[in-house]
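Comments concern the structure below.
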Amino acid sequence: MVSRLLTNIGELLTNNVELGDHSPVGRLRDAALVVDDERVLWVGDSSSAPDADERYDARGAAVVPGFVDSHTHLIFAGERSDEFEARMAGRPYAGRGIARTVEATRAASDEQLRQESGTRLGALRAGGVTTVEVKSGYSLDVAGEARLVDLASEITDEVTFLGAHVVPREFTHDRGAYVELVAGEMMRRCAGAKWTDVFCDDGAFDVDEARVVLNAGRAAGHELRLHANQLRDIGAISLAVELDCASVDHCTYVDDEDVERLAGSHTVATLLPGAEFSTRSPYPSGRRLRDAGVTVALATDCNPGTSYVTSMSFVIALAVREMGLSVDEAVWSATRGGAAALRRDDVGHLSVGARADLVILNAPRVAHLAYRPGASLVREVWRNGVE
Ligand code: NIG
Ligand code: FE
């Protein structure tokens with residue numbers, strides 16, 4: 001295996017508290033890193049770096065771990081920019097638009113879905129995402145959801161079954177039958193996914209329905225995550241903690257008791273500021289969650305309805321500007337926090353032995369990610385040590 005020395009790094013965030021300045025982001029200056037095409041082999045000062053087969057001069061640039069985007073709905077057909085325009089003109093988001101994407105996705109061929117999702121995946125990767133979670137949820141029938149799980153598996157190991165996204169039109173008058181279908185036959189056909197998720201919210205599934213689906217997911221061997229309290233507080237966060245979900249996502253509406261519950265749990269709060277941005281909703285406070293001791297992750301929520309966002313830099317900038325996180329905290333949440341939301345230890349940091357996934361920025365300091373929103377700040381992305 002070929003080893004590569006990445007040297008002359010102006011600012012390196014390792015997310016290893018034992019390194020550098022011993023802060024949570026483990027910051028080193030004038031640093032170097034040696035990787036092979038899988039793992040980090042060495043990290044330390046440029047001046048004491050060992051030899052390697054190849055050498056890459058970062059010329060003073062900042063380097064961060066590859067972004068871990070732990071929440072996307074990457075596989076869908078079509079777009080819904082008209083709904084976005086209507087919302088900007090004052091109409092609220094109600095989740096009903098999902099049916100339009102379901103219709104377009106059902107009608108699309110595998111090839112069309114591969115092509116459209118591949119374009120979005122390319123944008124995420126170019127923006128520094130090295131690990132991505134992908135959900136099903138835009139077919140809402142047995143064969144269609146199984147197809148989306150299969151297509152997602154072509155992209156990533158972090159595949160989530162979201163048959164319980166909303167109740168499809170065919171079942172409007174018998175929601176119970178749809179919940180039964182999702183928890184039964186659909187779950188069996190989608191057992192190849194790693195995760196089960198439910199949209200537990202106003203207009204989607206209530207807490208009792210979500211509990212049925214999540215328990216069926218666990219019985220099928222899945223780990224659990226939950227869309228919670230995006231539109232209203234219906235008690236979904238407490239369900240996520242009760243069932244030890246790896247992550248509870250959105251948390252747009254969160255009360256003091258939920259904050260306490262989360263702080264005393266192993267459930268990560270994944271914030272999705274692209275959704276608040278695109279639906280003109282109030283941003284939840286990342287500051288409040290962090291100060292209470294909750295582990296916070298940041299993700300794109302890339303989907304055609306509420307957050308057609310493929311840039312983790314944009315998400316970081318929003319979290320700093322609108323959610324009260326410092327730049328270091330936001331970058332940590334977009335990397336190690338995302339890894340925690342996927343219960344992964346091998347990504348999201350640059351310790352020796354971690355996966356060699358990193359981003360070389362077009363900037364001398366990591367703060368530029370929030371300081372220069374909309375700029376193209378990614379010079380290079382290495383995934384498994386390879387450009
Ligand atoms: O995470 N909240 C549920 N699902 C998506 C929105 C899906 C859509 O509107 O198409 C979300 O925001
Ligand atoms: Fe989502």
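Letters A, B, ... mark the chains of the structure tokens in the order given; residue numbers begin at 1 per chain; ligand numbers begin at 1, in order shown.
Residues of protein, DNA or RNA having any atom at most 7 Å from ligand 1, counting only C-alpha atoms and all ligand atoms, are Gly95, Gly97, Ile98, Thr101, His165, Phe199, His227, Gln230, Ala275, Asp301, Asn303, Pro304, Gly305, Thr306 and Ser307 of chain A.
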Keeping only C-alpha atoms, write those residues as an mmCIF file, in the first residue's frame.
data_model
loop_
_atom_site.group_PDB
_atom_site.id
_atom_site.type_symbol
_atom_site.label_atom_id
_atom_site.label_comp_id
_atom_site.auth_asym_id
_atom_site.auth_seq_id
_atom_site.Cartn_x
_atom_site.Cartn_y
_atom_site.Cartn_z
ATOM 1 C CA GLY A 95 -45.605 17.892 4.157
ATOM 2 C CA GLY A 97 -45.782 17.890 -1.332
ATOM 3 C CA ILE A 98 -44.183 14.533 -0.516
ATOM 4 C CA THR A 101 -42.287 13.334 -5.279
ATOM 5 C CA HIS A 165 -42.555 8.798 5.565
ATOM 6 C CA PHE A 199 -41.424 10.815 10.097
ATOM 7 C CA HIS A 227 -37.626 12.466 12.264
ATOM 8 C CA GLN A 230 -40.063 19.350 12.712
ATOM 9 C CA ALA A 275 -34.854 22.741 6.416
ATOM 10 C CA ASP A 301 -31.440 16.667 4.883
ATOM 11 C CA ASN A 303 -34.601 16.383 -0.261
ATOM 12 C CA PRO A 304 -36.745 18.122 -2.891
ATOM 13 C CA GLY A 305 -39.303 19.541 -0.453
ATOM 14 C CA THR A 306 -37.774 21.125 2.610
ATOM 15 C CA SER A 307 -34.025 21.293 2.009
#
Self-check item: All residues 12 Å or closer to Val68 in chain A, only C-alpha atoms, same chain fewer than 5 positions away omitted, as number ranges by chain
Solution: A: 124-125, 127-134, 156, 158, 270, 297-300, 311-313, 331-349, 357-359, 383
Residue selection dump (C-alpha atoms) as a PDB file, in the first residue's frame:
ATOM      1  CA  LEU A 124     -22.108  16.327  -1.821  1.00  0.00           C
ATOM      2  CA  ARG A 125     -18.738  14.671  -2.445  1.00  0.00           C
ATOM      3  CA  GLY A 127     -18.317  19.701  -1.089  1.00  0.00           C
ATOM      4  CA  GLY A 128     -16.349  17.391   1.196  1.00  0.00           C
ATOM      5  CA  VAL A 129     -18.826  14.690   2.224  1.00  0.00           C
ATOM      6  CA  THR A 130     -17.001  11.366   2.606  1.00  0.00           C
ATOM      7  CA  THR A 131     -19.715   9.394   4.458  1.00  0.00           C
ATOM      8  CA  VAL A 132     -23.390   9.703   3.573  1.00  0.00           C
ATOM      9  CA  GLU A 133     -26.612   8.216   4.891  1.00  0.00           C
ATOM     10  CA  VAL A 134     -29.414   7.704   2.327  1.00  0.00           C
ATOM     11  CA  THR A 156     -23.563   3.667   0.807  1.00  0.00           C
ATOM     12  CA  GLU A 158     -25.707   3.687   5.707  1.00  0.00           C
ATOM     13  CA  THR A 270     -29.228  16.026  14.474  1.00  0.00           C
ATOM     14  CA  ALA A 297     -24.846  16.582  14.666  1.00  0.00           C
ATOM     15  CA  LEU A 298     -25.423  18.650  11.521  1.00  0.00           C
ATOM     16  CA  ALA A 299     -26.626  17.233   8.205  1.00  0.00           C
ATOM     17  CA  THR A 300     -28.038  18.460   4.890  1.00  0.00           C
ATOM     18  CA  SER A 311     -23.427  21.754   0.693  1.00  0.00           C
ATOM     19  CA  MET A 312     -22.208  20.941   4.199  1.00  0.00           C
ATOM     20  CA  SER A 313     -20.328  24.278   4.223  1.00  0.00           C
ATOM     21  CA  VAL A 331     -17.431  21.649  12.168  1.00  0.00           C
ATOM     22  CA  TRP A 332     -17.269  19.034  14.942  1.00  0.00           C
ATOM     23  CA  SER A 333     -21.024  18.439  14.556  1.00  0.00           C
ATOM     24  CA  ALA A 334     -20.688  18.061  10.773  1.00  0.00           C
ATOM     25  CA  THR A 335     -17.941  15.459  11.207  1.00  0.00           C
ATOM     26  CA  ARG A 336     -17.635  13.646  14.544  1.00  0.00           C
ATOM     27  CA  GLY A 337     -21.228  14.504  15.469  1.00  0.00           C
ATOM     28  CA  GLY A 338     -22.478  12.952  12.216  1.00  0.00           C
ATOM     29  CA  ALA A 339     -20.371   9.869  12.924  1.00  0.00           C
ATOM     30  CA  ALA A 340     -21.936   9.624  16.399  1.00  0.00           C
ATOM     31  CA  ALA A 341     -25.387   9.900  14.814  1.00  0.00           C
ATOM     32  CA  LEU A 342     -24.454   6.830  12.744  1.00  0.00           C
ATOM     33  CA  ARG A 343     -22.796   5.165  15.736  1.00  0.00           C
ATOM     34  CA  ARG A 344     -19.500   5.082  13.851  1.00  0.00           C
ATOM     35  CA  ASP A 345     -16.047   5.385  15.429  1.00  0.00           C
ATOM     36  CA  ASP A 346     -13.943   4.990  12.320  1.00  0.00           C
ATOM     37  CA  VAL A 347     -14.932   8.262  10.612  1.00  0.00           C
ATOM     38  CA  GLY A 348     -15.375  11.899  11.639  1.00  0.00           C
ATOM     39  CA  HIS A 349     -11.900  12.280  13.142  1.00  0.00           C
ATOM     40  CA  ASP A 357     -11.161  10.791   4.882  1.00  0.00           C
ATOM     41  CA  LEU A 358     -10.312  14.487   4.835  1.00  0.00           C
ATOM     42  CA  VAL A 359     -10.944  17.824   3.177  1.00  0.00           C
ATOM     43  CA  ARG A 383     -11.616   9.495   0.674  1.00  0.00           C
TER      44      ARG A 383
END
Quiz item: Counting only C-alpha atoms, what is within 12 Å of Glu260 in chain A, bar same-chain residues fewer than 3 positions away, as a PyMOL selection string?
Solution: chain A and resi 237-238+241+254-257+263-265+267+269+288-295
Grab the residues selected above and save them as a PDB file, in the first residue's frame with N, CA and C atoms.
ATOM      1  N   ILE A 237     -39.568  13.350  20.517  1.00  0.00           N
ATOM      2  CA  ILE A 237     -38.195  13.247  21.031  1.00  0.00           C
ATOM      3  C   ILE A 237     -38.148  12.260  22.193  1.00  0.00           C
ATOM      4  N   SER A 238     -39.178  12.281  23.013  1.00  0.00           N
ATOM      5  CA  SER A 238     -39.177  11.348  24.132  1.00  0.00           C
ATOM      6  C   SER A 238     -39.295   9.904  23.637  1.00  0.00           C
ATOM      7  N   VAL A 241     -35.790   8.805  22.591  1.00  0.00           N
ATOM      8  CA  VAL A 241     -34.927   8.477  23.738  1.00  0.00           C
ATOM      9  C   VAL A 241     -35.373   7.144  24.351  1.00  0.00           C
ATOM     10  N   VAL A 254     -38.399  21.914  20.591  1.00  0.00           N
ATOM     11  CA  VAL A 254     -37.861  21.076  21.658  1.00  0.00           C
ATOM     12  C   VAL A 254     -38.046  21.809  22.984  1.00  0.00           C
ATOM     13  N   ASP A 255     -38.656  21.108  23.973  1.00  0.00           N
ATOM     14  CA  ASP A 255     -38.868  21.787  25.258  1.00  0.00           C
ATOM     15  C   ASP A 255     -37.779  21.386  26.259  1.00  0.00           C
ATOM     16  N   ASP A 256     -37.816  22.026  27.431  1.00  0.00           N
ATOM     17  CA  ASP A 256     -36.743  21.814  28.412  1.00  0.00           C
ATOM     18  C   ASP A 256     -36.637  20.349  28.834  1.00  0.00           C
ATOM     19  N   GLU A 257     -37.779  19.694  28.964  1.00  0.00           N
ATOM     20  CA  GLU A 257     -37.733  18.283  29.379  1.00  0.00           C
ATOM     21  C   GLU A 257     -37.060  17.415  28.323  1.00  0.00           C
ATOM     22  N   ALA A 263     -29.935  14.905  27.000  1.00  0.00           N
ATOM     23  CA  ALA A 263     -28.639  15.014  27.668  1.00  0.00           C
ATOM     24  C   ALA A 263     -28.314  13.749  28.456  1.00  0.00           C
ATOM     25  N   GLY A 264     -29.339  13.081  28.956  1.00  0.00           N
ATOM     26  CA  GLY A 264     -29.101  11.870  29.734  1.00  0.00           C
ATOM     27  C   GLY A 264     -29.175  10.605  28.900  1.00  0.00           C
ATOM     28  N   SER A 265     -29.079  10.729  27.580  1.00  0.00           N
ATOM     29  CA  SER A 265     -29.271   9.562  26.706  1.00  0.00           C
ATOM     30  C   SER A 265     -28.066   9.358  25.788  1.00  0.00           C
ATOM     31  N   THR A 267     -28.726   9.293  22.574  1.00  0.00           N
ATOM     32  CA  THR A 267     -29.337   9.736  21.320  1.00  0.00           C
ATOM     33  C   THR A 267     -28.765  11.093  20.909  1.00  0.00           C
ATOM     34  N   ALA A 269     -28.779  14.590  18.829  1.00  0.00           N
ATOM     35  CA  ALA A 269     -29.743  15.508  18.197  1.00  0.00           C
ATOM     36  C   ALA A 269     -29.128  15.991  16.884  1.00  0.00           C
ATOM     37  N   ARG A 288     -28.241  25.911  23.067  1.00  0.00           N
ATOM     38  CA  ARG A 288     -28.972  25.395  24.224  1.00  0.00           C
ATOM     39  C   ARG A 288     -28.738  23.886  24.384  1.00  0.00           C
ATOM     40  N   LEU A 289     -28.759  23.159  23.275  1.00  0.00           N
ATOM     41  CA  LEU A 289     -28.550  21.712  23.332  1.00  0.00           C
ATOM     42  C   LEU A 289     -27.134  21.386  23.779  1.00  0.00           C
ATOM     43  N   ARG A 290     -26.165  22.052  23.180  1.00  0.00           N
ATOM     44  CA  ARG A 290     -24.756  21.806  23.545  1.00  0.00           C
ATOM     45  C   ARG A 290     -24.503  22.138  25.005  1.00  0.00           C
ATOM     46  N   ASP A 291     -25.014  23.286  25.437  1.00  0.00           N
ATOM     47  CA  ASP A 291     -24.768  23.714  26.820  1.00  0.00           C
ATOM     48  C   ASP A 291     -25.358  22.725  27.821  1.00  0.00           C
ATOM     49  N   ALA A 292     -26.420  22.030  27.402  1.00  0.00           N
ATOM     50  CA  ALA A 292     -27.035  21.047  28.298  1.00  0.00           C
ATOM     51  C   ALA A 292     -26.292  19.708  28.248  1.00  0.00           C
ATOM     52  N   GLY A 293     -25.322  19.581  27.337  1.00  0.00           N
ATOM     53  CA  GLY A 293     -24.555  18.339  27.250  1.00  0.00           C
ATOM     54  C   GLY A 293     -25.076  17.363  26.210  1.00  0.00           C
ATOM     55  N   VAL A 294     -25.944  17.828  25.312  1.00  0.00           N
ATOM     56  CA  VAL A 294     -26.462  16.956  24.246  1.00  0.00           C
ATOM     57  C   VAL A 294     -25.421  16.878  23.126  1.00  0.00           C
ATOM     58  N   THR A 295     -25.228  15.695  22.551  1.00  0.00           N
ATOM     59  CA  THR A 295     -24.373  15.567  21.370  1.00  0.00           C
ATOM     60  C   THR A 295     -25.162  16.052  20.161  1.00  0.00           C
TER      61      THR A 295
END
Practice problem: Using only C-alpha atoms, find the one residue out of A:Arg211, A:Arg232, A:Arg96, A:Arg355 that sits nearest to Ala164 in chain A. | Solution: A:Arg211
Exercise. Run DSSP on the backbone of this structure and report the residues of range 82-266 of chain A it assigns to helix (DSSP H, G or I), as a count of residues only.
Key: 92
Quiz item: From the list A:Glu154, A:Asn384, A:Phe67, A:Val378, which residue is nearest Ala354 in chain A when using only C-alpha atoms?
Solution: A:Asn384
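Minimum distance to ligand 2 across A:Asp244, A:Asp249, A:Glu322, A:Glu209 (counting only C-alpha atoms and all ligand atoms) occurs at A:Asp249.
Nearest-residue note for ligand 2: choosing from A:Tyr308, A:Trp382, A:Phe84, A:Tyr283, the minimum distance belongs to A:Tyr308, counting only C-alpha atoms and all ligand atoms.
The shortest atom-to-atom distance to ligand 2, with only C-alpha atoms and all ligand atoms taken into account, belongs to A:Asp69 out of A:Asp69, A:Glu170, A:Glu103, A:Glu79.
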Practice problem: Considering only C-alpha atoms and all ligand atoms, state which residue in the set A:Asn15, A:Asn362, A:Ser247, A:Thr7 is at the smallest distance from ligand 2. | Solution: A:Ser247
Practice problem: Excluding Asp328 in chain A and residues on its chain fewer than 3 positions from it, collect all residues at most 12 Å away from it, counting only C-alpha atoms, and give them as JSON, numbers by chain. | Solution: {"A": [11, 12, 13, 14, 15, 23, 24, 25, 26, 27, 64, 316, 317, 319, 320, 324, 325, 331, 332, 333, 334, 335, 336, 337, 365, 366, 367, 368, 369, 370]}
Tell me which protein, DNA and RNA residues are within 10 Å of Val207 in chain A, counting only C-alpha atoms, leaving out same-chain ones fewer than 4 positions away, and put them as a PDB file with N, CA and C atoms, in the first residue's frame.
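See out_31.pdb below for the written result:
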ATOM      1  N   VAL A 198     -38.743   6.925  10.944  1.00  0.00           N
ATOM      2  CA  VAL A 198     -40.164   7.284  10.781  1.00  0.00           C
ATOM      3  C   VAL A 198     -40.255   8.800  10.831  1.00  0.00           C
ATOM      4  N   PHE A 199     -41.124   9.379  10.000  1.00  0.00           N
ATOM      5  CA  PHE A 199     -41.424  10.815  10.097  1.00  0.00           C
ATOM      6  C   PHE A 199     -42.535  10.927  11.136  1.00  0.00           C
ATOM      7  N   CYS A 200     -42.156  11.252  12.374  1.00  0.00           N
ATOM      8  CA  CYS A 200     -43.099  11.292  13.492  1.00  0.00           C
ATOM      9  C   CYS A 200     -43.454  12.758  13.732  1.00  0.00           C
ATOM     10  N   ASP A 201     -44.574  13.179  13.169  1.00  0.00           N
ATOM     11  CA  ASP A 201     -44.883  14.611  13.198  1.00  0.00           C
ATOM     12  C   ASP A 201     -46.338  14.826  12.798  1.00  0.00           C
ATOM     13  N   ARG A 211     -43.961   4.078  17.100  1.00  0.00           N
ATOM     14  CA  ARG A 211     -43.409   3.043  17.987  1.00  0.00           C
ATOM     15  C   ARG A 211     -43.572   1.658  17.356  1.00  0.00           C
ATOM     16  N   VAL A 212     -44.729   1.414  16.730  1.00  0.00           N
ATOM     17  CA  VAL A 212     -44.978   0.113  16.084  1.00  0.00           C
ATOM     18  C   VAL A 212     -43.932  -0.137  14.992  1.00  0.00           C
ATOM     19  N   ALA A 228     -38.223  13.990  14.078  1.00  0.00           N
ATOM     20  CA  ALA A 228     -39.051  14.360  15.228  1.00  0.00           C
ATOM     21  C   ALA A 228     -39.239  15.859  15.363  1.00  0.00           C
ATOM     22  N   ILE A 234     -44.899  16.897  19.131  1.00  0.00           N
ATOM     23  CA  ILE A 234     -45.926  15.877  19.406  1.00  0.00           C
ATOM     24  C   ILE A 234     -45.368  14.787  20.331  1.00  0.00           C
ATOM     25  N   GLY A 235     -44.255  15.095  20.989  1.00  0.00           N
ATOM     26  CA  GLY A 235     -43.685  14.122  21.934  1.00  0.00           C
ATOM     27  C   GLY A 235     -42.755  13.119  21.287  1.00  0.00           C
ATOM     28  N   ALA A 236     -42.299  13.422  20.077  1.00  0.00           N
ATOM     29  CA  ALA A 236     -41.496  12.454  19.331  1.00  0.00           C
ATOM     30  C   ALA A 236     -40.084  12.296  19.899  1.00  0.00           C
ATOM     31  N   ILE A 237     -39.568  13.350  20.517  1.00  0.00           N
ATOM     32  CA  ILE A 237     -38.195  13.247  21.031  1.00  0.00           C
ATOM     33  C   ILE A 237     -38.148  12.260  22.193  1.00  0.00           C
ATOM     34  N   SER A 238     -39.178  12.281  23.013  1.00  0.00           N
ATOM     35  CA  SER A 238     -39.177  11.348  24.132  1.00  0.00           C
ATOM     36  C   SER A 238     -39.295   9.904  23.637  1.00  0.00           C
ATOM     37  N   LEU A 239     -40.014   9.692  22.541  1.00  0.00           N
ATOM     38  CA  LEU A 239     -40.065   8.342  21.946  1.00  0.00           C
ATOM     39  C   LEU A 239     -38.669   7.909  21.476  1.00  0.00           C
ATOM     40  N   ALA A 240     -37.957   8.828  20.841  1.00  0.00           N
ATOM     41  CA  ALA A 240     -36.617   8.490  20.335  1.00  0.00           C
ATOM     42  C   ALA A 240     -35.692   8.083  21.480  1.00  0.00           C
TER      43      ALA A 240
END
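One finds CA of Tyr178 in chain A at 9.3 Å from CA of Asp141 in chain A.
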Exercise. Run DSSP on the backbone and grab whatever in range 141-172 of chain A lands in strand (DSSP E); send it over as a ChimeraX atom specification.
Key: /A:158-164
Would you mind exporting C-alpha atoms of the selected residues as an mmCIF file, in the first residue's frame?
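Produced file part.cif, reproduced below:
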data_model
loop_
_atom_site.group_PDB
_atom_site.id
_atom_site.type_symbol
_atom_site.label_atom_id
_atom_site.label_comp_id
_atom_site.auth_asym_id
_atom_site.auth_seq_id
_atom_site.Cartn_x
_atom_site.Cartn_y
_atom_site.Cartn_z
ATOM 1 C CA GLU A 158 -25.707 3.687 5.707
ATOM 2 C CA VAL A 159 -29.091 2.863 4.185
ATOM 3 C CA THR A 160 -32.291 3.799 5.990
ATOM 4 C CA PHE A 161 -35.752 2.348 5.418
ATOM 5 C CA LEU A 162 -38.318 5.184 5.611
ATOM 6 C CA GLY A 163 -41.497 3.423 4.453
ATOM 7 C CA ALA A 164 -43.192 5.429 7.211
#
